[in-house]
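Below: the structure, in structure tokens.
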Amino acid sequence: QVRLVESGGGSVQPGGSLRLACAASGSIFSINSLGWYRQAPGNQRELVATITSGMITNYADSVKGRFSISRDNAKHTVYLQMNSLKPEDSDVYYCKADGVYISDPYPSIRYDPSDYWGQGTQVTVSS
């Protein structure tokens, strides 16, 4: 019922910037938490940053001071501004939505306990 589509990945030189976006669609009333995770081949998926509907943010130590997460609640969209990129930031980046309230249909609202993931977008940092 909920679909997440990421955009904005690509290739950049070390020290460069990229901005990722993830738009959620479906019969969504609200989303409690939106986040970005990343995964390299053979590795576990790891947290990059999360943001709640109340704009409370959380970052992995490795990206603090360089990455900034934000969201537009009206558009059900989350962004990740990535600055001062390093080669070790190269990964597939996934967005995640959890704590989703579904219009079933409006004004009836129900809680969906599922976690939803996007398809991933590649970020490559290389000179």
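Note on naming: chains are A, B, ... as they come in the structure tokens, residues start from 1 per chain, ligands start from 1 in the order shown.
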
- request: Write out as a ChimeraX atom specification the residues lying within 10 Å of Leu80 in chain A, counting only C-alpha atoms and excluding same-chain residues fewer than 4 positions away.
  value: /A:8,18-22,35-36,48-50,67-71,95

With C-alpha atoms retained, export the selected residues as a short mmCIF file (atom, residue, chain, number, x, y, z; two decimals), in the first residue's frame.
data_model
loop_
_atom_site.label_atom_id
_atom_site.label_comp_id
_atom_site.auth_asym_id
_atom_site.auth_seq_id
_atom_site.Cartn_x
_atom_site.Cartn_y
_atom_site.Cartn_z
CA GLY A 8 19.32 11.86 -6.55
CA LEU A 18 24.69 15.14 -3.38
CA ARG A 19 21.07 15.45 -2.32
CA LEU A 20 18.89 12.39 -2.13
CA ALA A 21 15.11 12.46 -2.09
CA CYS A 22 12.58 9.77 -1.26
CA GLY A 35 15.14 7.39 7.46
CA TRP A 36 18.11 6.69 5.28
CA VAL A 48 22.62 6.85 8.21
CA ALA A 49 19.97 9.18 9.62
CA THR A 50 16.36 9.23 10.73
CA PHE A 67 24.90 15.00 6.27
CA SER A 68 21.57 16.63 7.01
CA ILE A 69 18.18 14.92 6.93
CA SER A 70 14.93 16.79 6.44
CA ARG A 71 11.35 16.04 5.49
CA CYS A 95 15.00 5.05 2.47
#

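The protein and nucleic acid residues lying at most 10 Å from Thr77 in chain A are Leu4, Val5, Glu6, Ala21, Cys22, Ala23, Ala24, Ser25, Ile31, Leu34, Ser70, Arg71, Asp72, Asn73 and Ala74 of chain A, with only C-alpha atoms considered and sequence neighbours fewer than 3 positions away removed.
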
Spatial neighbours of Ile109 in chain A, 10 Å, only C-alpha atoms, chain gap at least 5 places, as a PyMOL selection string: chain A and resi 27-30+101-104

Could the residues in this selection be saved with C-alpha atoms as a PDB file, in the first residue's frame?
ATOM      1  CA  SER A  27      -3.122   6.003   0.930  1.00  0.00           C
ATOM      2  CA  ILE A  28      -0.924   7.688   3.530  1.00  0.00           C
ATOM      3  CA  PHE A  29      -2.293   9.828   6.319  1.00  0.00           C
ATOM      4  CA  SER A  30       1.020  10.298   8.137  1.00  0.00           C
ATOM      5  CA  TYR A 101      -0.942   5.630   9.321  1.00  0.00           C
ATOM      6  CA  ILE A 102      -3.141   4.704   6.370  1.00  0.00           C
ATOM      7  CA  SER A 103      -6.297   6.471   5.243  1.00  0.00           C
ATOM      8  CA  ASP A 104      -8.667   3.518   5.037  1.00  0.00           C
TER       9      ASP A 104
END

message: Considering only strand (DSSP E or B) as DSSP defines it on the backbone, what residues of range 19-78 of chain A qualify? List them as an NGL selection string.
response: :A and (19-26 or 28-39 or 46-52 or 57-59 or 67-72 or 77-78)

Restrict the selected residues to C-alpha atoms and save them as a PDB file, in the first residue's frame.
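What landed in part-v6.pdb:
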ATOM      1  CA  ARG A  19      21.066  15.451  -2.325  1.00  0.00           C
ATOM      2  CA  LEU A  20      18.888  12.385  -2.128  1.00  0.00           C
ATOM      3  CA  ALA A  21      15.108  12.457  -2.085  1.00  0.00           C
ATOM      4  CA  CYS A  22      12.577   9.765  -1.256  1.00  0.00           C
ATOM      5  CA  ALA A  23       8.883  10.192  -1.954  1.00  0.00           C
ATOM      6  CA  ALA A  24       6.296   7.963  -0.329  1.00  0.00           C
ATOM      7  CA  SER A  25       3.020   7.337  -2.120  1.00  0.00           C
ATOM      8  CA  GLY A  26      -0.172   5.447  -1.350  1.00  0.00           C
ATOM      9  CA  ILE A  28      -0.924   7.688   3.530  1.00  0.00           C
ATOM     10  CA  PHE A  29      -2.293   9.828   6.319  1.00  0.00           C
ATOM     11  CA  SER A  30       1.020  10.298   8.137  1.00  0.00           C
ATOM     12  CA  ILE A  31       4.420   8.678   8.694  1.00  0.00           C
ATOM     13  CA  ASN A  32       6.068   8.642  12.106  1.00  0.00           C
ATOM     14  CA  SER A  33       9.640   7.968  11.074  1.00  0.00           C
ATOM     15  CA  LEU A  34      11.529   8.342   7.827  1.00  0.00           C
ATOM     16  CA  GLY A  35      15.140   7.386   7.465  1.00  0.00           C
ATOM     17  CA  TRP A  36      18.108   6.689   5.277  1.00  0.00           C
ATOM     18  CA  TYR A  37      20.227   3.562   5.452  1.00  0.00           C
ATOM     19  CA  ARG A  38      23.112   2.354   3.342  1.00  0.00           C
ATOM     20  CA  GLN A  39      24.546  -0.989   2.387  1.00  0.00           C
ATOM     21  CA  GLU A  46      23.404   0.447   8.423  1.00  0.00           C
ATOM     22  CA  LEU A  47      21.650   3.514   9.703  1.00  0.00           C
ATOM     23  CA  VAL A  48      22.622   6.850   8.210  1.00  0.00           C
ATOM     24  CA  ALA A  49      19.968   9.180   9.616  1.00  0.00           C
ATOM     25  CA  THR A  50      16.359   9.227  10.734  1.00  0.00           C
ATOM     26  CA  ILE A  51      13.791  11.945  11.302  1.00  0.00           C
ATOM     27  CA  THR A  52      10.461  11.827  13.082  1.00  0.00           C
ATOM     28  CA  THR A  57      16.775  13.750  13.988  1.00  0.00           C
ATOM     29  CA  ASN A  58      19.340  11.044  14.632  1.00  0.00           C
ATOM     30  CA  TYR A  59      22.614  10.510  12.777  1.00  0.00           C
ATOM     31  CA  PHE A  67      24.900  15.000   6.272  1.00  0.00           C
ATOM     32  CA  SER A  68      21.568  16.627   7.008  1.00  0.00           C
ATOM     33  CA  ILE A  69      18.179  14.915   6.931  1.00  0.00           C
ATOM     34  CA  SER A  70      14.927  16.792   6.443  1.00  0.00           C
ATOM     35  CA  ARG A  71      11.350  16.038   5.488  1.00  0.00           C
ATOM     36  CA  ASP A  72       8.222  17.574   4.051  1.00  0.00           C
ATOM     37  CA  THR A  77       9.057  13.126   1.309  1.00  0.00           C
ATOM     38  CA  VAL A  78      12.417  12.815   3.052  1.00  0.00           C
TER      39      VAL A  78
END

- request: Find the residue from A:Gly99, A:Val12, A:Asp89, A:Val63 that sits nearest to Tyr116 in chain A; use only C-alpha atoms when measuring.
  value: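 Nearest to Tyr116 in chain A: A:Gly99.
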
task: From the DSSP assignment of the backbone, select every residue of chain A that is helix (DSSP H, G or I), and format the answer as a list in words.
output: Asp61, Ser62, Val63, Pro87, Glu88 and Asp89 of chain A

Let's have the selection written as a PDB file, in the first residue's frame, with N, CA and C atoms.
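So the final result, stored in again-v2.pdb, reads:
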ATOM      1  N   ASP A  61      27.362   8.331  13.720  1.00  0.00           N
ATOM      2  CA  ASP A  61      28.524   9.161  14.056  1.00  0.00           C
ATOM      3  C   ASP A  61      29.362   9.475  12.826  1.00  0.00           C
ATOM      4  N   SER A  62      29.401   8.555  11.887  1.00  0.00           N
ATOM      5  CA  SER A  62      30.266   8.717  10.712  1.00  0.00           C
ATOM      6  C   SER A  62      29.812   9.832   9.779  1.00  0.00           C
ATOM      7  N   VAL A  63      28.564  10.282   9.919  1.00  0.00           N
ATOM      8  CA  VAL A  63      28.054  11.315   9.009  1.00  0.00           C
ATOM      9  C   VAL A  63      27.692  12.613   9.724  1.00  0.00           C
ATOM     10  N   PRO A  87      35.134   8.755  -0.039  1.00  0.00           N
ATOM     11  CA  PRO A  87      35.006   7.477  -0.757  1.00  0.00           C
ATOM     12  C   PRO A  87      34.280   6.413   0.068  1.00  0.00           C
ATOM     13  N   GLU A  88      34.468   6.443   1.378  1.00  0.00           N
ATOM     14  CA  GLU A  88      33.809   5.431   2.212  1.00  0.00           C
ATOM     15  C   GLU A  88      32.301   5.661   2.337  1.00  0.00           C
ATOM     16  N   ASP A  89      31.798   6.764   1.807  1.00  0.00           N
ATOM     17  CA  ASP A  89      30.346   6.978   1.757  1.00  0.00           C
ATOM     18  C   ASP A  89      29.707   6.264   0.561  1.00  0.00           C
TER      19      ASP A  89
END

- request: Might you pull out every residue within 9 Å of Ser11 in chain A, with only C-alpha atoms counted and same-chain residues fewer than 3 positions away left off, and present them as a PyMOL selection string?
  value: chain A and resi 18+90+122-126

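The closest residue to Tyr93 in chain A, picked from A:Ser108, A:Gln44, A:Ser53, A:Thr121 and counting only C-alpha atoms, is A:Thr121.
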
message: Here is a test: counting only C-alpha atoms, which residue of A:Gly120, A:Gly15, A:Pro107, A:Pro113 is nearest to Met82 in chain A?
response: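 When distances to Met82 in chain A are compared using only C-alpha atoms, the smallest one comes from A:Gly15.
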
- prompt: How far is it from CA of Asp112 in chain A to CA of Asp98 in chain A, in Å with one decimal?
  reply: 8.2 Å

Closest of A:Val100, A:Tyr111, A:Lys64, A:Tyr94 to Arg45 in chain A - atom-to-atom distances counting only C-alpha atoms: A:Tyr94
